[in-house]
Amino acid sequence: MHDKRFVQNKSGDNLGSYAKRQYVGFDAQISHMSLVGLTQLRAEYLFGQQPGTASSSKSPNSSTLPDHATYIRNFTGGYVMLVQDLGLSPFSVVLKYDWYDPNIKVSKNEVGLNGTGKADALQTTVGVGALWRINNSLRLQAYYEFNDYQSSDNLASLDAIESNVFTMRLQYKF
């Protein structure tokens, strides 16, 4: 990315070279016991450089050289999650906010211009859920995610990929 646009590096030394992934992250967790139960706050922040394709910020995973251009994006992302036990009961509620900005060099209506596309759009999620610790070995979780992509006047297709997700999970520990 140079001046909010993708620029192809046509140097012969660059062809077939390694597209380096660079990630840096921090996480923190704190918990506190009170009359309302155990309160846990967890957070993580990540940033770095991610190779991808024109249509995806997912890092290529192949043992052979790709036959398409590799797009190098600087990204940021993270989450903040609150888990609140309900007194001494086996129930807890969960609130979570997370975000992933696959290309911090462009935002809002810049997305969709100069070779950028849906792979460069900011994604945010708000999640709410409930946990039931049935016993020491069994836990049931219900969780609903409200997913959103940053809108851009230059990408009408983003509305079509917005989707909310409900998950019901039964975990058994042995």
# chains A, B, ... in the order shown; residues from 1 in each chain; ligands from 1
>>> select_by_dssp(residues="stretch 59-167 of chain A", states="alpha helix (DSSP H)", output="list in words")
Leu158, Asp159, Ala160 and Ile161 of chain A
>>> residues_around(residues="A:Gly48", least_positions_apart="6", cutoff="8 Å", atoms="only C-alpha atoms", output="list in words")
Arg21, Gln22, Tyr23, Val24, Asn74, Phe75 and Thr76 of chain A
>>> write_last_selection(atoms="all heavy atoms", output="compact mmCIF listing (two decimals), in the first residue's frame")
# COMPACT_ATOMS: atom_id res chain seq x y z
N ARG A 21 4.61 -12.82 7.25
CA ARG A 21 3.54 -12.50 8.20
C ARG A 21 4.21 -11.96 9.46
O ARG A 21 5.14 -12.58 9.98
CB ARG A 21 2.75 -13.74 8.58
CG ARG A 21 2.12 -14.44 7.43
CD ARG A 21 1.51 -15.75 7.90
NE ARG A 21 1.16 -16.54 6.74
CZ ARG A 21 0.92 -17.82 6.76
NH1 ARG A 21 0.98 -18.49 7.88
NH2 ARG A 21 0.60 -18.46 5.67
N GLN A 22 3.74 -10.85 9.94
CA GLN A 22 4.28 -10.29 11.18
C GLN A 22 3.11 -9.94 12.09
O GLN A 22 2.27 -9.11 11.73
CB GLN A 22 5.11 -9.03 10.89
CG GLN A 22 6.33 -9.31 10.06
CD GLN A 22 7.10 -8.04 9.75
OE1 GLN A 22 6.52 -6.99 9.54
NE2 GLN A 22 8.41 -8.15 9.72
N TYR A 23 3.08 -10.56 13.27
CA TYR A 23 2.01 -10.31 14.22
C TYR A 23 2.61 -9.92 15.56
O TYR A 23 3.59 -10.50 16.01
CB TYR A 23 1.16 -11.57 14.45
CG TYR A 23 0.62 -12.24 13.22
CD1 TYR A 23 0.72 -13.62 13.06
CD2 TYR A 23 0.02 -11.52 12.21
CE1 TYR A 23 0.21 -14.25 11.94
CE2 TYR A 23 -0.49 -12.15 11.08
CZ TYR A 23 -0.39 -13.51 10.96
OH TYR A 23 -0.88 -14.13 9.85
N VAL A 24 1.98 -8.96 16.23
CA VAL A 24 2.32 -8.59 17.59
C VAL A 24 1.00 -8.53 18.36
O VAL A 24 0.01 -8.01 17.84
CB VAL A 24 3.03 -7.22 17.65
CG1 VAL A 24 3.31 -6.83 19.09
CG2 VAL A 24 4.31 -7.24 16.83
N ASN A 74 -1.48 -4.02 6.32
CA ASN A 74 -1.26 -3.78 7.75
C ASN A 74 -2.62 -3.86 8.43
O ASN A 74 -3.57 -3.21 7.99
CB ASN A 74 -0.63 -2.42 7.99
CG ASN A 74 0.79 -2.36 7.47
OD1 ASN A 74 1.54 -3.32 7.59
ND2 ASN A 74 1.16 -1.25 6.89
N PHE A 75 -2.73 -4.66 9.48
CA PHE A 75 -4.02 -4.90 10.12
C PHE A 75 -3.96 -4.57 11.60
O PHE A 75 -2.89 -4.43 12.20
CB PHE A 75 -4.44 -6.36 9.94
CG PHE A 75 -3.68 -7.30 10.84
CD1 PHE A 75 -4.19 -7.65 12.08
CD2 PHE A 75 -2.46 -7.83 10.46
CE1 PHE A 75 -3.49 -8.50 12.92
CE2 PHE A 75 -1.75 -8.68 11.29
CZ PHE A 75 -2.27 -9.02 12.53
N THR A 76 -5.14 -4.49 12.21
CA THR A 76 -5.30 -4.40 13.65
C THR A 76 -6.59 -5.12 14.04
O THR A 76 -7.51 -5.24 13.22
CB THR A 76 -5.31 -2.93 14.13
OG1 THR A 76 -5.35 -2.90 15.55
CG2 THR A 76 -6.48 -2.18 13.59
>>> closest_residue(among="A:Ala121, A:Leu113, A:Val94, A:Ile72", to="A:Ala142", atoms="only C-alpha atoms")
A:Val94
>>> residues_around(residues="A:Lys105", least_positions_apart="2", cutoff="9 Å", atoms="only C-alpha atoms", output="list in words")
Met1, His2, Asp3, Lys4, Arg5, Arg73, Asn74, Phe75, Asn103 and Ser107 of chain A
>>> residues_around(residues="stretch 26-40 of chain A", least_positions_apart="4", cutoff="7 Å", atoms="only C-alpha atoms", output="PDB file with all heavy atoms, in the first residue's frame")
ATOM      1  N   GLU A  44      -7.755  -8.579  24.337  1.00  0.00           N
ATOM      2  CA  GLU A  44      -6.601  -8.888  23.501  1.00  0.00           C
ATOM      3  C   GLU A  44      -6.527  -7.858  22.386  1.00  0.00           C
ATOM      4  O   GLU A  44      -7.552  -7.426  21.867  1.00  0.00           O
ATOM      5  CB  GLU A  44      -6.732 -10.292  22.901  1.00  0.00           C
ATOM      6  CG  GLU A  44      -5.547 -10.696  22.058  1.00  0.00           C
ATOM      7  CD  GLU A  44      -5.627 -12.131  21.585  1.00  0.00           C
ATOM      8  OE1 GLU A  44      -6.743 -12.695  21.494  1.00  0.00           O
ATOM      9  OE2 GLU A  44      -4.564 -12.697  21.296  1.00  0.00           O
ATOM     10  N   TYR A  45      -5.313  -7.469  22.029  1.00  0.00           N
ATOM     11  CA  TYR A  45      -5.089  -6.525  20.935  1.00  0.00           C
ATOM     12  C   TYR A  45      -3.983  -7.085  20.049  1.00  0.00           C
ATOM     13  O   TYR A  45      -2.945  -7.527  20.548  1.00  0.00           O
ATOM     14  CB  TYR A  45      -4.688  -5.156  21.482  1.00  0.00           C
ATOM     15  CG  TYR A  45      -4.362  -4.157  20.400  1.00  0.00           C
ATOM     16  CD1 TYR A  45      -5.372  -3.623  19.611  1.00  0.00           C
ATOM     17  CD2 TYR A  45      -3.057  -3.765  20.152  1.00  0.00           C
ATOM     18  CE1 TYR A  45      -5.085  -2.714  18.602  1.00  0.00           C
ATOM     19  CE2 TYR A  45      -2.766  -2.851  19.146  1.00  0.00           C
ATOM     20  CZ  TYR A  45      -3.782  -2.333  18.373  1.00  0.00           C
ATOM     21  OH  TYR A  45      -3.500  -1.447  17.381  1.00  0.00           O
ATOM     22  N   LEU A  46      -4.218  -7.092  18.742  1.00  0.00           N
ATOM     23  CA  LEU A  46      -3.255  -7.602  17.762  1.00  0.00           C
ATOM     24  C   LEU A  46      -3.034  -6.577  16.669  1.00  0.00           C
ATOM     25  O   LEU A  46      -3.959  -5.858  16.298  1.00  0.00           O
ATOM     26  CB  LEU A  46      -3.786  -8.883  17.101  1.00  0.00           C
ATOM     27  CG  LEU A  46      -4.063 -10.074  17.990  1.00  0.00           C
ATOM     28  CD1 LEU A  46      -4.948 -11.077  17.269  1.00  0.00           C
ATOM     29  CD2 LEU A  46      -2.769 -10.714  18.405  1.00  0.00           C
ATOM     30  N   LEU A  82     -16.562  -9.628  28.759  1.00  0.00           N
ATOM     31  CA  LEU A  82     -16.968  -9.629  30.162  1.00  0.00           C
ATOM     32  C   LEU A  82     -17.766 -10.905  30.419  1.00  0.00           C
ATOM     33  O   LEU A  82     -18.725 -11.192  29.699  1.00  0.00           O
ATOM     34  CB  LEU A  82     -17.838  -8.402  30.467  1.00  0.00           C
ATOM     35  CG  LEU A  82     -18.436  -8.350  31.866  1.00  0.00           C
ATOM     36  CD1 LEU A  82     -17.355  -8.080  32.904  1.00  0.00           C
ATOM     37  CD2 LEU A  82     -19.523  -7.295  31.944  1.00  0.00           C
ATOM     38  N   VAL A  83     -17.357 -11.669  31.421  1.00  0.00           N
ATOM     39  CA  VAL A  83     -18.095 -12.863  31.849  1.00  0.00           C
ATOM     40  C   VAL A  83     -18.496 -12.626  33.301  1.00  0.00           C
ATOM     41  O   VAL A  83     -17.639 -12.408  34.165  1.00  0.00           O
ATOM     42  CB  VAL A  83     -17.239 -14.147  31.735  1.00  0.00           C
ATOM     43  CG1 VAL A  83     -18.039 -15.362  32.182  1.00  0.00           C
ATOM     44  CG2 VAL A  83     -16.711 -14.330  30.325  1.00  0.00           C
ATOM     45  N   GLN A  84     -19.799 -12.668  33.556  1.00  0.00           N
ATOM     46  CA  GLN A  84     -20.317 -12.410  34.900  1.00  0.00           C
ATOM     47  C   GLN A  84     -21.077 -13.626  35.397  1.00  0.00           C
ATOM     48  O   GLN A  84     -22.096 -14.014  34.819  1.00  0.00           O
ATOM     49  CB  GLN A  84     -21.250 -11.194  34.903  1.00  0.00           C
ATOM     50  CG  GLN A  84     -21.869 -10.892  36.246  1.00  0.00           C
ATOM     51  CD  GLN A  84     -20.825 -10.544  37.292  1.00  0.00           C
ATOM     52  OE1 GLN A  84     -20.064  -9.602  37.118  1.00  0.00           O
ATOM     53  NE2 GLN A  84     -20.781 -11.300  38.379  1.00  0.00           N
ATOM     54  N   ASP A  85     -20.552 -14.264  36.466  1.00  0.00           N
ATOM     55  CA  ASP A  85     -21.291 -15.343  37.112  1.00  0.00           C
ATOM     56  C   ASP A  85     -22.480 -14.739  37.840  1.00  0.00           C
ATOM     57  O   ASP A  85     -22.418 -13.609  38.336  1.00  0.00           O
ATOM     58  CB  ASP A  85     -20.418 -16.090  38.116  1.00  0.00           C
ATOM     59  CG  ASP A  85     -19.330 -16.927  37.461  1.00  0.00           C
ATOM     60  OD1 ASP A  85     -19.313 -17.017  36.216  1.00  0.00           O
ATOM     61  OD2 ASP A  85     -18.492 -17.480  38.197  1.00  0.00           O
ATOM     62  N   LEU A  86     -23.569 -15.478  37.911  1.00  0.00           N
ATOM     63  CA  LEU A  86     -24.767 -15.001  38.597  1.00  0.00           C
ATOM     64  C   LEU A  86     -24.795 -15.578  40.010  1.00  0.00           C
ATOM     65  O   LEU A  86     -25.353 -16.655  40.254  1.00  0.00           O
ATOM     66  CB  LEU A  86     -26.016 -15.371  37.807  1.00  0.00           C
ATOM     67  CG  LEU A  86     -26.054 -14.843  36.364  1.00  0.00           C
ATOM     68  CD1 LEU A  86     -27.287 -15.316  35.633  1.00  0.00           C
ATOM     69  CD2 LEU A  86     -25.954 -13.319  36.350  1.00  0.00           C
ATOM     70  N   GLY A  87     -24.136 -14.859  40.916  1.00  0.00           N
ATOM     71  CA  GLY A  87     -24.035 -15.311  42.309  1.00  0.00           C
ATOM     72  C   GLY A  87     -23.315 -16.637  42.394  1.00  0.00           C
ATOM     73  O   GLY A  87     -22.300 -16.853  41.737  1.00  0.00           O
ATOM     74  N   LEU A  88     -23.853 -17.523  43.193  1.00  0.00           N
ATOM     75  CA  LEU A  88     -23.279 -18.861  43.345  1.00  0.00           C
ATOM     76  C   LEU A  88     -23.961 -19.881  42.437  1.00  0.00           C
ATOM     77  O   LEU A  88     -23.677 -21.072  42.519  1.00  0.00           O
ATOM     78  CB  LEU A  88     -23.364 -19.302  44.807  1.00  0.00           C
ATOM     79  CG  LEU A  88     -22.580 -18.420  45.794  1.00  0.00           C
ATOM     80  CD1 LEU A  88     -22.818 -18.870  47.224  1.00  0.00           C
ATOM     81  CD2 LEU A  88     -21.101 -18.419  45.458  1.00  0.00           C
TER      82      LEU A  88
END
>>> select_by_dssp(residues="chain A", states="strand (DSSP E)", output="PDB file with C-alpha atoms, in the first residue's frame")
ATOM      1  CA  GLN A  22       4.275 -10.288  11.179  1.00  0.00           C
ATOM      2  CA  TYR A  23       2.010 -10.314  14.218  1.00  0.00           C
ATOM      3  CA  VAL A  24       2.320  -8.591  17.587  1.00  0.00           C
ATOM      4  CA  GLY A  25      -0.246  -9.082  20.313  1.00  0.00           C
ATOM      5  CA  PHE A  26      -1.056  -8.279  23.905  1.00  0.00           C
ATOM      6  CA  ASP A  27      -3.636  -9.795  26.189  1.00  0.00           C
ATOM      7  CA  ALA A  28      -4.824  -9.101  29.710  1.00  0.00           C
ATOM      8  CA  GLN A  29      -7.225 -10.782  32.103  1.00  0.00           C
ATOM      9  CA  ILE A  30      -8.568  -9.706  35.459  1.00  0.00           C
ATOM     10  CA  SER A  31     -11.151 -11.274  37.748  1.00  0.00           C
ATOM     11  CA  HIS A  32     -12.888 -10.194  40.925  1.00  0.00           C
ATOM     12  CA  MET A  33     -15.144 -12.101  43.320  1.00  0.00           C
ATOM     13  CA  SER A  34     -18.026 -10.154  44.870  1.00  0.00           C
ATOM     14  CA  GLY A  37     -20.404 -13.624  41.688  1.00  0.00           C
ATOM     15  CA  LEU A  38     -17.125 -13.864  39.826  1.00  0.00           C
ATOM     16  CA  THR A  39     -16.558 -11.053  37.316  1.00  0.00           C
ATOM     17  CA  GLN A  40     -13.970 -11.692  34.586  1.00  0.00           C
ATOM     18  CA  LEU A  41     -12.709  -9.125  32.100  1.00  0.00           C
ATOM     19  CA  ARG A  42     -10.528 -10.334  29.230  1.00  0.00           C
ATOM     20  CA  ALA A  43      -8.994  -8.343  26.379  1.00  0.00           C
ATOM     21  CA  GLU A  44      -6.601  -8.888  23.501  1.00  0.00           C
ATOM     22  CA  TYR A  45      -5.089  -6.525  20.935  1.00  0.00           C
ATOM     23  CA  LEU A  46      -3.255  -7.602  17.762  1.00  0.00           C
ATOM     24  CA  PHE A  47      -1.547  -5.742  14.963  1.00  0.00           C
ATOM     25  CA  GLY A  48       0.915  -6.473  12.217  1.00  0.00           C
ATOM     26  CA  GLN A  49       1.278  -7.314   8.556  1.00  0.00           C
ATOM     27  CA  GLN A  50      -0.753  -9.959   6.738  1.00  0.00           C
ATOM     28  CA  PRO A  51      -0.357 -11.259   3.181  1.00  0.00           C
ATOM     29  CA  GLY A  52      -3.558 -12.143   1.329  1.00  0.00           C
ATOM     30  CA  TYR A  71      -1.574  -8.237  -1.294  1.00  0.00           C
ATOM     31  CA  ILE A  72       0.298  -7.082   1.803  1.00  0.00           C
ATOM     32  CA  ARG A  73      -1.954  -5.376   4.363  1.00  0.00           C
ATOM     33  CA  ASN A  74      -1.263  -3.783   7.747  1.00  0.00           C
ATOM     34  CA  PHE A  75      -4.018  -4.899  10.121  1.00  0.00           C
ATOM     35  CA  THR A  76      -5.300  -4.397  13.650  1.00  0.00           C
ATOM     36  CA  GLY A  77      -7.849  -6.265  15.710  1.00  0.00           C
ATOM     37  CA  GLY A  78      -8.860  -7.402  19.136  1.00  0.00           C
ATOM     38  CA  TYR A  79     -11.635  -8.077  21.596  1.00  0.00           C
ATOM     39  CA  VAL A  80     -12.971  -7.167  25.022  1.00  0.00           C
ATOM     40  CA  MET A  81     -15.071  -9.758  26.867  1.00  0.00           C
ATOM     41  CA  LEU A  82     -16.968  -9.629  30.162  1.00  0.00           C
ATOM     42  CA  VAL A  83     -18.095 -12.863  31.849  1.00  0.00           C
ATOM     43  CA  GLN A  84     -20.317 -12.410  34.900  1.00  0.00           C
ATOM     44  CA  ASP A  85     -21.291 -15.343  37.112  1.00  0.00           C
ATOM     45  CA  PHE A  91     -25.127 -19.659  35.314  1.00  0.00           C
ATOM     46  CA  SER A  92     -23.066 -16.871  33.727  1.00  0.00           C
ATOM     47  CA  VAL A  93     -23.692 -14.178  31.142  1.00  0.00           C
ATOM     48  CA  VAL A  94     -21.182 -13.152  28.479  1.00  0.00           C
ATOM     49  CA  LEU A  95     -20.780  -9.847  26.608  1.00  0.00           C
ATOM     50  CA  LYS A  96     -18.116  -9.466  23.938  1.00  0.00           C
ATOM     51  CA  TYR A  97     -17.018  -6.863  21.412  1.00  0.00           C
ATOM     52  CA  ASP A  98     -14.418  -7.620  18.749  1.00  0.00           C
ATOM     53  CA  TRP A  99     -13.074  -5.970  15.646  1.00  0.00           C
ATOM     54  CA  TYR A 100     -10.764  -6.759  12.752  1.00  0.00           C
ATOM     55  CA  ASP A 101      -9.493  -4.060  10.417  1.00  0.00           C
ATOM     56  CA  GLN A 123     -15.470  -5.990  10.584  1.00  0.00           C
ATOM     57  CA  THR A 124     -17.048  -5.672  14.046  1.00  0.00           C
ATOM     58  CA  THR A 125     -18.980  -8.133  16.170  1.00  0.00           C
ATOM     59  CA  VAL A 126     -21.055  -7.742  19.318  1.00  0.00           C
ATOM     60  CA  GLY A 127     -21.820 -11.004  21.089  1.00  0.00           C
ATOM     61  CA  VAL A 128     -24.125 -11.930  23.963  1.00  0.00           C
ATOM     62  CA  GLY A 129     -24.445 -15.312  25.569  1.00  0.00           C
ATOM     63  CA  ALA A 130     -25.217 -17.486  28.534  1.00  0.00           C
ATOM     64  CA  LEU A 131     -23.304 -20.364  30.145  1.00  0.00           C
ATOM     65  CA  TRP A 132     -24.692 -23.188  32.243  1.00  0.00           C
ATOM     66  CA  ARG A 133     -22.190 -25.310  34.152  1.00  0.00           C
ATOM     67  CA  LEU A 138     -20.571 -30.732  31.312  1.00  0.00           C
ATOM     68  CA  ARG A 139     -21.200 -27.147  30.155  1.00  0.00           C
ATOM     69  CA  LEU A 140     -23.861 -25.709  27.853  1.00  0.00           C
ATOM     70  CA  GLN A 141     -23.361 -22.402  26.063  1.00  0.00           C
ATOM     71  CA  ALA A 142     -25.783 -20.316  23.978  1.00  0.00           C
ATOM     72  CA  TYR A 143     -24.235 -17.379  22.125  1.00  0.00           C
ATOM     73  CA  TYR A 144     -25.498 -14.876  19.543  1.00  0.00           C
ATOM     74  CA  GLU A 145     -23.231 -12.679  17.400  1.00  0.00           C
ATOM     75  CA  PHE A 146     -24.301  -9.470  15.671  1.00  0.00           C
ATOM     76  CA  ASN A 147     -21.812  -9.095  12.778  1.00  0.00           C
ATOM     77  CA  ASP A 148     -21.286  -5.907  10.825  1.00  0.00           C
ATOM     78  CA  TYR A 149     -19.004  -4.647   8.065  1.00  0.00           C
ATOM     79  CA  VAL A 165     -24.751 -16.178  14.014  1.00  0.00           C
ATOM     80  CA  PHE A 166     -26.348 -18.219  16.786  1.00  0.00           C
ATOM     81  CA  THR A 167     -24.258 -20.981  18.385  1.00  0.00           C
ATOM     82  CA  MET A 168     -25.355 -23.640  20.855  1.00  0.00           C
ATOM     83  CA  ARG A 169     -22.422 -25.612  22.252  1.00  0.00           C
ATOM     84  CA  LEU A 170     -22.334 -28.571  24.625  1.00  0.00           C
ATOM     85  CA  GLN A 171     -18.877 -29.261  26.056  1.00  0.00           C
ATOM     86  CA  TYR A 172     -17.864 -32.427  27.862  1.00  0.00           C
TER      87      TYR A 172
END
>>> residues_around(residues="A:Ala156", least_positions_apart="5", cutoff="10 Å", atoms="only C-alpha atoms", output="list in words")
Gly112, Lys118 and Ser151 of chain A
>>> closest_residue(among="A:Asn109, A:Thr116, A:Gln8, A:Asn136", to="A:Ser56", atoms="only C-alpha atoms")
A:Thr116
>>> closest_residue(among="A:Val111, A:Ala19, A:Leu155, A:Ile134", to="A:Phe6", atoms="only C-alpha atoms")
A:Val111
